[in-house]
Amino acid sequence: MKKISIGFISPYDAMVPVIEELKKGQNDLLITAVTGNLEKGVALAKELEQQGVDVLISRGGTAKLIRDAVMLPVIDVHMSGYDLLRSIMLASGHLGEKKALVGFSNITIGAASIVSLLEIDLKVVTLEEASDVEPILNGLKAEGYTRILGDVVTVNAAQQLGMNGLLIQSGRESILQSLEEARRLYKSQQKNQQLLRIFKHLLTEREQDFFVATETGKVLYENWSSIERLPLTSNEIKALIQQIKDSDLPVLKIFTEVERPFSIRATLWQDRSSTLFSFFFKRLSTSTHELNGGVAEKIHQLPPLAAESAAMKSIRHLLEEPFLATAPIILEGGPGSGKETLARYVHAYHQKQGYFAVLPIEELKKSFSELHALKVTTLLVTVSNAPLNASVREIKEQFAVLAAQNTQVILAAEEMPPNLIDSLGMQEAVRIILPSLTDRQGDFELLVHQFLTEFHQTLGTQPIKVRDDAMEELKKNHWNGDVNELKAYIKKLALAEKEYVIEKGTVLKNPSSALTQQKSKELFFEGEPTLKEIERKIIEQVLHEEGFNQTKAAKRLGINRATLWRKLKE
């Protein structure tokens, strides 16, 4: 059985022999006794802590200083009634001297009772502050007092003034009591430490990264498995805490502008009389590869799909059919009708483990070897209205090779020419016509709330709800069947609204481009926009002019589709 290692820092020399005598009968204890008062005692305590002792014991002011300086539990040797009685009786034997006991109330209350009960000629003086020692002793000296009882500090100060000091020492009973208290505390600590080790093991096994903080942002506990260290600044922690307090709801925030993206789920909880905040971290996949004109990525979550309208419900049920996990699909619909969202839904719903890739059909040849090497499981091929500048026969052959390696091919176009379907060998593909936004009014409110949730989580925007009259105002706009345009506008409103609910006034003050500048190619900026804001505005304008065809927009902007995709994610 492991012995309990105890470091005993005595503030005076006479205590050490008593400790050495008593430790002989303590078979379960390994006691190291040293002498050091106040700062010297603190230095010795730090050394013992580094040597691996389990518990520290000291007395009075020295114990208090040690407790503030080390992480180990510190026990204070209490001054018992026996200790006071012995010292008072010892002082009473010095006849012919005026005697006084000077100390704090924890000593003087008991001392005054003993002096009164035994009718001993001893003045008892209570200290309010440590700085009172010297002036009180000077006053007593002026009154003719020559012998002073007290602790180490008081006795040393008395001796420097030429007075006789008599130290109130801790006897065997007090030292034994402190050793017993050390046993109890150690056993209690062992149970707590074991529980802590169990929880740490479980957290490590589950690779759970988290920390707990106070309302001021002070970190009380942290555990890191997949993250090397706390990835937030103190200001970011305080901002998240304030966001939780304001909304009284859990907060989910995603950090993508870092070397290794991660998400945080932050919650508030009550620990008896204090409020604490837990921050749970999750690494986001960095498995994204840029292709020639496209991108391949891992999808780990089912994308939200607004499907309350009859048309979208029917499409969703079809996409969830088991045979749609591998069958070729053709998605047809106008700009912003959600073709890529549906392709992502198919990939995630059928729990595919490989990459999801998006490519313009003209770039298939350049990226074909990469698609093969990455073992892409779902390939969304976008087809524009422009004449195809690629070998149709070669594309057909590549589709056949991809199908042989279990890659599902999904074509996306505004409208697929029948002759091209035949030429590409896609006659057996499941053709799905996507309704425009005007034909799916039952999804409108769901889409708005879906976009609000996304921006709240990724951008930290405030609003989480739309007032009923504001929603009616939104529905009056002419969206031309474009979900992307609606999303861009909701983002504008979410950034403009500083409260938790988007009001009708906010909608009226921030008209959508559907009502104001749909046909204009001029760009208008309010205030002094940043370079990033100007870039974003230009991208949105070009996208709008190109009917939200990302391939055409990327070509006009002089960037590849992967770069455009990344900038739209920012």
# chains A, B, ... in the order shown; residues from 1 in each chain; ligands from 1

call {"tool": "residues_around", "arguments": {"residues": "region 351-361 of chain A", "least_positions_apart": "2", "cutoff": "6 Å", "atoms": "only C-alpha atoms", "output": "NGL selection string"}}
result
:A and (294-298 or 347-349 or 363-364 or 376-383)

call {"tool": "write_last_selection", "arguments": {"atoms": "all heavy atoms", "output": "compact mmCIF listing (two decimals), in the first residue's frame"}}
result
# COMPACT_ATOMS: atom_id res chain seq x y z
N GLY A 294 -12.95 22.80 -60.63
CA GLY A 294 -13.93 22.26 -59.70
C GLY A 294 -13.32 21.95 -58.36
O GLY A 294 -12.20 22.38 -58.04
N VAL A 295 -14.04 21.19 -57.55
CA VAL A 295 -13.58 20.88 -56.21
C VAL A 295 -14.12 19.52 -55.78
O VAL A 295 -15.22 19.12 -56.19
CB VAL A 295 -14.03 21.98 -55.21
CG1 VAL A 295 -15.54 22.02 -55.09
CG2 VAL A 295 -13.38 21.80 -53.85
N ALA A 296 -13.31 18.81 -54.99
CA ALA A 296 -13.75 17.53 -54.40
C ALA A 296 -13.65 17.67 -52.89
O ALA A 296 -12.67 18.20 -52.37
CB ALA A 296 -12.87 16.38 -54.89
N GLU A 297 -14.68 17.19 -52.17
CA GLU A 297 -14.68 17.36 -50.72
C GLU A 297 -15.40 16.19 -50.06
O GLU A 297 -16.16 15.46 -50.68
CB GLU A 297 -15.37 18.67 -50.33
CG GLU A 297 -16.81 18.74 -50.81
CD GLU A 297 -17.52 20.01 -50.38
OE1 GLU A 297 -17.42 20.36 -49.19
OE2 GLU A 297 -18.17 20.63 -51.23
N LYS A 298 -15.11 16.04 -48.76
CA LYS A 298 -15.82 15.05 -47.96
C LYS A 298 -17.05 15.73 -47.34
O LYS A 298 -16.95 16.85 -46.83
CB LYS A 298 -14.92 14.52 -46.84
CG LYS A 298 -13.80 13.59 -47.31
CD LYS A 298 -14.34 12.24 -47.69
CE LYS A 298 -13.23 11.25 -48.05
NZ LYS A 298 -12.45 10.81 -46.89
N HIS A 347 -25.80 12.27 -51.85
CA HIS A 347 -24.51 11.75 -51.36
C HIS A 347 -24.56 11.48 -49.85
O HIS A 347 -24.15 10.42 -49.38
CB HIS A 347 -23.40 12.75 -51.68
CG HIS A 347 -22.03 12.32 -51.25
ND1 HIS A 347 -21.19 11.62 -52.07
CD2 HIS A 347 -21.37 12.48 -50.09
CE1 HIS A 347 -20.06 11.36 -51.44
NE2 HIS A 347 -20.14 11.89 -50.22
N ALA A 348 -25.07 12.46 -49.09
CA ALA A 348 -25.07 12.34 -47.63
C ALA A 348 -26.15 11.39 -47.13
O ALA A 348 -25.91 10.60 -46.20
CB ALA A 348 -25.24 13.72 -46.99
N TYR A 349 -27.34 11.43 -47.74
CA TYR A 349 -28.44 10.59 -47.26
C TYR A 349 -28.09 9.11 -47.40
O TYR A 349 -28.41 8.30 -46.51
CB TYR A 349 -29.72 10.90 -48.04
CG TYR A 349 -30.89 10.04 -47.59
CD1 TYR A 349 -31.63 10.39 -46.46
CD2 TYR A 349 -31.22 8.86 -48.26
CE1 TYR A 349 -32.68 9.60 -46.02
CE2 TYR A 349 -32.27 8.06 -47.83
CZ TYR A 349 -32.99 8.44 -46.70
OH TYR A 349 -34.03 7.65 -46.26
N GLU A 363 -14.43 20.43 -68.18
CA GLU A 363 -13.18 20.21 -67.43
C GLU A 363 -13.01 18.75 -67.00
O GLU A 363 -12.05 18.42 -66.31
CB GLU A 363 -13.16 21.10 -66.17
CG GLU A 363 -13.35 22.58 -66.43
CD GLU A 363 -12.20 23.17 -67.23
OE1 GLU A 363 -11.09 22.60 -67.21
OE2 GLU A 363 -12.42 24.20 -67.91
N LEU A 364 -13.92 17.89 -67.41
CA LEU A 364 -13.87 16.49 -66.96
C LEU A 364 -12.57 15.82 -67.39
O LEU A 364 -11.94 15.09 -66.60
CB LEU A 364 -15.08 15.73 -67.52
CG LEU A 364 -15.18 14.25 -67.11
CD1 LEU A 364 -15.29 14.12 -65.59
CD2 LEU A 364 -16.39 13.60 -67.78
N VAL A 376 -13.70 9.15 -56.09
CA VAL A 376 -14.90 9.97 -55.89
C VAL A 376 -16.13 9.09 -56.00
O VAL A 376 -16.26 8.29 -56.94
CB VAL A 376 -14.95 11.10 -56.95
CG1 VAL A 376 -16.30 11.81 -56.93
CG2 VAL A 376 -13.82 12.08 -56.70
N THR A 377 -17.05 9.19 -55.05
CA THR A 377 -18.25 8.35 -55.06
C THR A 377 -19.46 9.06 -55.66
O THR A 377 -20.41 8.40 -56.09
CB THR A 377 -18.60 7.87 -53.64
OG1 THR A 377 -18.61 8.99 -52.76
CG2 THR A 377 -17.59 6.86 -53.15
N THR A 378 -19.46 10.40 -55.68
CA THR A 378 -20.54 11.16 -56.32
C THR A 378 -19.92 12.30 -57.11
O THR A 378 -19.16 13.10 -56.57
CB THR A 378 -21.54 11.74 -55.29
OG1 THR A 378 -22.01 10.70 -54.44
CG2 THR A 378 -22.71 12.40 -56.00
N LEU A 379 -20.24 12.36 -58.40
CA LEU A 379 -19.71 13.42 -59.27
C LEU A 379 -20.87 14.21 -59.86
O LEU A 379 -21.71 13.64 -60.58
CB LEU A 379 -18.86 12.82 -60.39
CG LEU A 379 -18.38 13.82 -61.46
CD1 LEU A 379 -17.47 14.88 -60.85
CD2 LEU A 379 -17.66 13.09 -62.60
N LEU A 380 -20.93 15.49 -59.52
CA LEU A 380 -21.93 16.38 -60.10
C LEU A 380 -21.29 17.11 -61.28
O LEU A 380 -20.33 17.86 -61.10
CB LEU A 380 -22.42 17.39 -59.05
CG LEU A 380 -23.42 18.44 -59.55
CD1 LEU A 380 -24.72 17.78 -60.01
CD2 LEU A 380 -23.69 19.48 -58.48
N VAL A 381 -21.81 16.86 -62.46
CA VAL A 381 -21.28 17.47 -63.68
C VAL A 381 -22.25 18.54 -64.14
O VAL A 381 -23.42 18.25 -64.42
CB VAL A 381 -21.08 16.41 -64.79
CG1 VAL A 381 -20.53 17.08 -66.05
CG2 VAL A 381 -20.13 15.31 -64.31
N THR A 382 -21.77 19.79 -64.19
CA THR A 382 -22.64 20.90 -64.60
C THR A 382 -22.54 21.10 -66.11
O THR A 382 -21.46 21.10 -66.69
CB THR A 382 -22.25 22.20 -63.88
OG1 THR A 382 -20.89 22.52 -64.17
CG2 THR A 382 -22.40 22.03 -62.37
N VAL A 383 -23.70 21.27 -66.74
CA VAL A 383 -23.77 21.44 -68.19
C VAL A 383 -24.40 22.80 -68.47
O VAL A 383 -25.52 23.07 -68.03
CB VAL A 383 -24.62 20.32 -68.84
CG1 VAL A 383 -24.66 20.50 -70.37
CG2 VAL A 383 -24.07 18.95 -68.47

call {"tool": "closest_atom_pairs", "arguments": {"of": "region 99-145 of chain A", "to": "region 159-163 of chain A", "cutoff": "10 Å", "atoms": "only C-alpha atoms", "output": "Markdown table"}}
result
| residue | atom | partner | partner_atom | distance |
| --- | --- | --- | --- | --- |
| A:Glu134 | CA | A:Leu161 | CA | 8.9 |
| A:Leu137 | CA | A:Leu161 | CA | 8.1 |
| A:Asn138 | CA | A:Leu161 | CA | 7.7 |
| A:Leu140 | CA | A:Met163 | CA | 9.9 |
| A:Lys141 | CA | A:Met163 | CA | 7.6 |
| A:Gly144 | CA | A:Met163 | CA | 10.0 |
| A:Tyr145 | CA | A:Met163 | CA | 8.0 |

call {"tool": "closest_atom_pairs", "arguments": {"of": "region 235-286 of chain A", "to": "region 485-508 of chain A", "cutoff": "12 Å", "atoms": "only C-alpha atoms", "output": "Markdown table"}}
result
| residue | atom | partner | partner_atom | distance |
| --- | --- | --- | --- | --- |
| A:Gln243 | CA | A:Tyr500 | CA | 11.1 |
| A:Asp246 | CA | A:Tyr500 | CA | 9.5 |
| A:Ser247 | CA | A:Tyr500 | CA | 8.1 |
| A:Asp248 | CA | A:Tyr500 | CA | 11.7 |
| A:Leu249 | CA | A:Tyr500 | CA | 11.9 |

call {"tool": "write_last_selection", "arguments": {"atoms": "N, CA, C and O atoms", "output": "PDB file, in the first residue's frame"}}
result
ATOM      1  N   GLN A 243     -22.568  36.216 -25.998  1.00  0.00           N
ATOM      2  CA  GLN A 243     -23.591  35.784 -26.946  1.00  0.00           C
ATOM      3  C   GLN A 243     -24.524  34.756 -26.305  1.00  0.00           C
ATOM      4  O   GLN A 243     -25.743  34.800 -26.500  1.00  0.00           O
ATOM      5  N   ASP A 246     -26.761  36.589 -23.782  1.00  0.00           N
ATOM      6  CA  ASP A 246     -27.780  37.412 -24.440  1.00  0.00           C
ATOM      7  C   ASP A 246     -28.937  36.568 -24.959  1.00  0.00           C
ATOM      8  O   ASP A 246     -30.100  36.963 -24.875  1.00  0.00           O
ATOM      9  N   SER A 247     -28.608  35.403 -25.528  1.00  0.00           N
ATOM     10  CA  SER A 247     -29.657  34.581 -26.143  1.00  0.00           C
ATOM     11  C   SER A 247     -30.211  33.529 -25.200  1.00  0.00           C
ATOM     12  O   SER A 247     -31.297  33.002 -25.422  1.00  0.00           O
ATOM     13  N   ASP A 248     -29.441  33.195 -24.148  1.00  0.00           N
ATOM     14  CA  ASP A 248     -29.819  32.154 -23.185  1.00  0.00           C
ATOM     15  C   ASP A 248     -30.039  30.813 -23.894  1.00  0.00           C
ATOM     16  O   ASP A 248     -30.833  29.988 -23.457  1.00  0.00           O
ATOM     17  N   LEU A 249     -29.327  30.627 -25.007  1.00  0.00           N
ATOM     18  CA  LEU A 249     -29.414  29.392 -25.776  1.00  0.00           C
ATOM     19  C   LEU A 249     -28.008  28.921 -26.123  1.00  0.00           C
ATOM     20  O   LEU A 249     -27.068  29.721 -26.145  1.00  0.00           O
TER      21      LEU A 249
END

call {"tool": "residues_around", "arguments": {"residues": "Arg86 (chain A)", "least_positions_apart": "4", "cutoff": "9 Å", "atoms": "only C-alpha atoms", "output": "PDB file with C-alpha atoms, in the first residue's frame"}}
result
ATOM      1  CA  GLY A  81      -7.120  25.003  24.012  1.00  0.00           C
ATOM      2  CA  TYR A  82      -4.411  22.712  25.387  1.00  0.00           C
ATOM      3  CA  LEU A  90       4.077  28.655  31.572  1.00  0.00           C
ATOM      4  CA  ALA A  91       3.922  32.461  31.388  1.00  0.00           C
ATOM      5  CA  ILE A 168       2.602  29.635  21.839  1.00  0.00           C
ATOM      6  CA  GLN A 169       3.658  26.230  20.573  1.00  0.00           C
ATOM      7  CA  GLY A 171       1.563  20.359  21.217  1.00  0.00           C
TER       8      GLY A 171
END

call {"tool": "atom_distance", "arguments": {"atom1": "CA of Leu447 (chain A)", "atom2": "CA of Ser309 (chain A)"}}
result
11.3 Å

call {"tool": "residues_around", "arguments": {"residues": "Gly460 (chain A)", "least_positions_apart": "2", "cutoff": "9 Å", "atoms": "only C-alpha atoms", "output": "PyMOL selection string"}}
result
chain A and resi 243+251-254+455-458+462

call {"tool": "residues_around", "arguments": {"residues": "region 222-234 of chain A", "least_positions_apart": "4", "cutoff": "7 Å", "atoms": "only C-alpha atoms", "output": "PDB file with all heavy atoms, in the first residue's frame"}}
result
ATOM      1  N   THR A 204     -10.629  11.337 -23.469  1.00  0.00           N
ATOM      2  CA  THR A 204      -9.562  11.077 -24.429  1.00  0.00           C
ATOM      3  C   THR A 204      -9.964   9.976 -25.400  1.00  0.00           C
ATOM      4  O   THR A 204      -9.701  10.062 -26.608  1.00  0.00           O
ATOM      5  CB  THR A 204      -8.265  10.680 -23.695  1.00  0.00           C
ATOM      6  OG1 THR A 204      -7.915  11.718 -22.774  1.00  0.00           O
ATOM      7  CG2 THR A 204      -7.127  10.477 -24.677  1.00  0.00           C
ATOM      8  N   GLU A 207     -12.091  11.301 -27.820  1.00  0.00           N
ATOM      9  CA  GLU A 207     -11.426  12.432 -28.487  1.00  0.00           C
ATOM     10  C   GLU A 207     -12.248  13.709 -28.336  1.00  0.00           C
ATOM     11  O   GLU A 207     -12.515  14.439 -29.293  1.00  0.00           O
ATOM     12  CB  GLU A 207     -11.183  12.115 -29.969  1.00  0.00           C
ATOM     13  CG  GLU A 207     -10.206  10.971 -30.168  1.00  0.00           C
ATOM     14  CD  GLU A 207      -9.818  10.770 -31.624  1.00  0.00           C
ATOM     15  OE1 GLU A 207     -10.496  11.363 -32.492  1.00  0.00           O
ATOM     16  OE2 GLU A 207      -8.855  10.047 -31.884  1.00  0.00           O
ATOM     17  N   GLN A 208     -12.673  13.960 -27.091  1.00  0.00           N
ATOM     18  CA  GLN A 208     -13.491  15.135 -26.805  1.00  0.00           C
ATOM     19  C   GLN A 208     -12.598  16.300 -26.385  1.00  0.00           C
ATOM     20  O   GLN A 208     -11.888  16.227 -25.393  1.00  0.00           O
ATOM     21  CB  GLN A 208     -14.495  14.838 -25.697  1.00  0.00           C
ATOM     22  CG  GLN A 208     -15.377  16.022 -25.345  1.00  0.00           C
ATOM     23  CD  GLN A 208     -16.259  16.438 -26.508  1.00  0.00           C
ATOM     24  OE1 GLN A 208     -17.182  15.751 -26.875  1.00  0.00           O
ATOM     25  NE2 GLN A 208     -15.964  17.582 -27.107  1.00  0.00           N
ATOM     26  N   ASP A 209     -12.632  17.363 -27.162  1.00  0.00           N
ATOM     27  CA  ASP A 209     -11.889  18.579 -26.843  1.00  0.00           C
ATOM     28  C   ASP A 209     -12.866  19.594 -26.253  1.00  0.00           C
ATOM     29  O   ASP A 209     -13.866  19.933 -26.893  1.00  0.00           O
ATOM     30  CB  ASP A 209     -11.244  19.162 -28.102  1.00  0.00           C
ATOM     31  CG  ASP A 209     -10.250  18.205 -28.743  1.00  0.00           C
ATOM     32  OD1 ASP A 209      -9.219  17.958 -28.109  1.00  0.00           O
ATOM     33  OD2 ASP A 209     -10.514  17.701 -29.847  1.00  0.00           O
ATOM     34  N   PHE A 210     -12.563  20.068 -25.057  1.00  0.00           N
ATOM     35  CA  PHE A 210     -13.460  21.052 -24.453  1.00  0.00           C
ATOM     36  C   PHE A 210     -12.749  21.786 -23.323  1.00  0.00           C
ATOM     37  O   PHE A 210     -11.684  21.386 -22.864  1.00  0.00           O
ATOM     38  CB  PHE A 210     -14.727  20.379 -23.909  1.00  0.00           C
ATOM     39  CG  PHE A 210     -14.551  19.726 -22.564  1.00  0.00           C
ATOM     40  CD1 PHE A 210     -14.978  20.347 -21.408  1.00  0.00           C
ATOM     41  CD2 PHE A 210     -13.921  18.488 -22.458  1.00  0.00           C
ATOM     42  CE1 PHE A 210     -14.807  19.749 -20.168  1.00  0.00           C
ATOM     43  CE2 PHE A 210     -13.752  17.880 -21.230  1.00  0.00           C
ATOM     44  CZ  PHE A 210     -14.197  18.517 -20.075  1.00  0.00           C
ATOM     45  N   PHE A 211     -13.360  22.899 -22.914  1.00  0.00           N
ATOM     46  CA  PHE A 211     -12.912  23.559 -21.692  1.00  0.00           C
ATOM     47  C   PHE A 211     -14.115  24.191 -21.012  1.00  0.00           C
ATOM     48  O   PHE A 211     -15.162  24.415 -21.628  1.00  0.00           O
ATOM     49  CB  PHE A 211     -11.812  24.592 -21.966  1.00  0.00           C
ATOM     50  CG  PHE A 211     -12.259  25.853 -22.660  1.00  0.00           C
ATOM     51  CD1 PHE A 211     -12.708  26.953 -21.935  1.00  0.00           C
ATOM     52  CD2 PHE A 211     -12.218  25.953 -24.040  1.00  0.00           C
ATOM     53  CE1 PHE A 211     -13.107  28.110 -22.563  1.00  0.00           C
ATOM     54  CE2 PHE A 211     -12.614  27.105 -24.691  1.00  0.00           C
ATOM     55  CZ  PHE A 211     -13.062  28.190 -23.949  1.00  0.00           C
ATOM     56  N   VAL A 212     -13.959  24.457 -19.709  1.00  0.00           N
ATOM     57  CA  VAL A 212     -15.013  25.093 -18.910  1.00  0.00           C
ATOM     58  C   VAL A 212     -14.461  26.407 -18.388  1.00  0.00           C
ATOM     59  O   VAL A 212     -13.323  26.465 -17.901  1.00  0.00           O
ATOM     60  CB  VAL A 212     -15.442  24.188 -17.736  1.00  0.00           C
ATOM     61  CG1 VAL A 212     -16.499  24.886 -16.894  1.00  0.00           C
ATOM     62  CG2 VAL A 212     -15.970  22.853 -18.256  1.00  0.00           C
ATOM     63  N   GLY A 217     -14.422  34.584 -18.253  1.00  0.00           N
ATOM     64  CA  GLY A 217     -13.576  33.971 -19.266  1.00  0.00           C
ATOM     65  C   GLY A 217     -12.390  33.194 -18.713  1.00  0.00           C
ATOM     66  O   GLY A 217     -11.571  32.671 -19.474  1.00  0.00           O
ATOM     67  N   LYS A 238     -14.702  35.668 -24.395  1.00  0.00           N
ATOM     68  CA  LYS A 238     -15.633  36.605 -23.762  1.00  0.00           C
ATOM     69  C   LYS A 238     -16.802  36.940 -24.696  1.00  0.00           C
ATOM     70  O   LYS A 238     -17.939  37.084 -24.251  1.00  0.00           O
ATOM     71  CB  LYS A 238     -14.886  37.873 -23.354  1.00  0.00           C
ATOM     72  CG  LYS A 238     -13.914  37.666 -22.194  1.00  0.00           C
ATOM     73  CD  LYS A 238     -13.112  38.924 -21.903  1.00  0.00           C
ATOM     74  CE  LYS A 238     -12.099  38.679 -20.778  1.00  0.00           C
ATOM     75  NZ  LYS A 238     -11.245  39.855 -20.541  1.00  0.00           N
TER      76      LYS A 238
END

call {"tool": "select_by_dssp", "arguments": {"residues": "region 209-410 of chain A", "states": "strand (DSSP E)", "output": "MDAnalysis selection string"}}
result
chainID A and resid 209:213 219:223 251:255 262:271 274:283 288:291 294:297 329:332 356:360 378:383 408:410

call {"tool": "residues_around", "arguments": {"residues": "Ile330 (chain A)", "least_positions_apart": "3", "cutoff": "7 Å", "atoms": "only C-alpha atoms", "output": "PyMOL selection string"}}
result
chain A and resi 410-412+429-432

call {"tool": "atom_distance", "arguments": {"atom1": "CA of Pro435 (chain A)", "atom2": "CA of Gln541 (chain A)"}}
result
24.0 Å

call {"tool": "select_by_dssp", "arguments": {"residues": "region 43-175 of chain A", "states": "alpha helix (DSSP H)", "output": "PyMOL selection string"}}
result
chain A and resi 43-51+60-69+81-92+105-118+133-142+152-160+172-175

call {"tool": "residues_around", "arguments": {"residues": "Ala310 (chain A)", "least_positions_apart": "6", "cutoff": "12 Å", "atoms": "only C-alpha atoms", "output": "list in words"}}
result
Arg316, His317, Leu434, Pro435, Asp439, Arg440, Gln441, Gly442 and Asp443 of chain A

call {"tool": "closest_residue", "arguments": {"among": "A:Phe262, A:Ala130, A:Gly334, A:Ile539", "to": "Ala553 (chain A)", "atoms": "only C-alpha atoms"}}
result
A:Ile539

call {"tool": "atom_distance", "arguments": {"atom1": "CA of Ile264 (chain A)", "atom2": "CA of Thr288 (chain A)"}}
result
20.6 Å

call {"tool": "closest_residue", "arguments": {"among": "A:Gly96, A:Pro73, A:Gly338, A:Gly60", "to": "Arg183 (chain A)", "atoms": "only C-alpha atoms"}}
result
A:Pro73
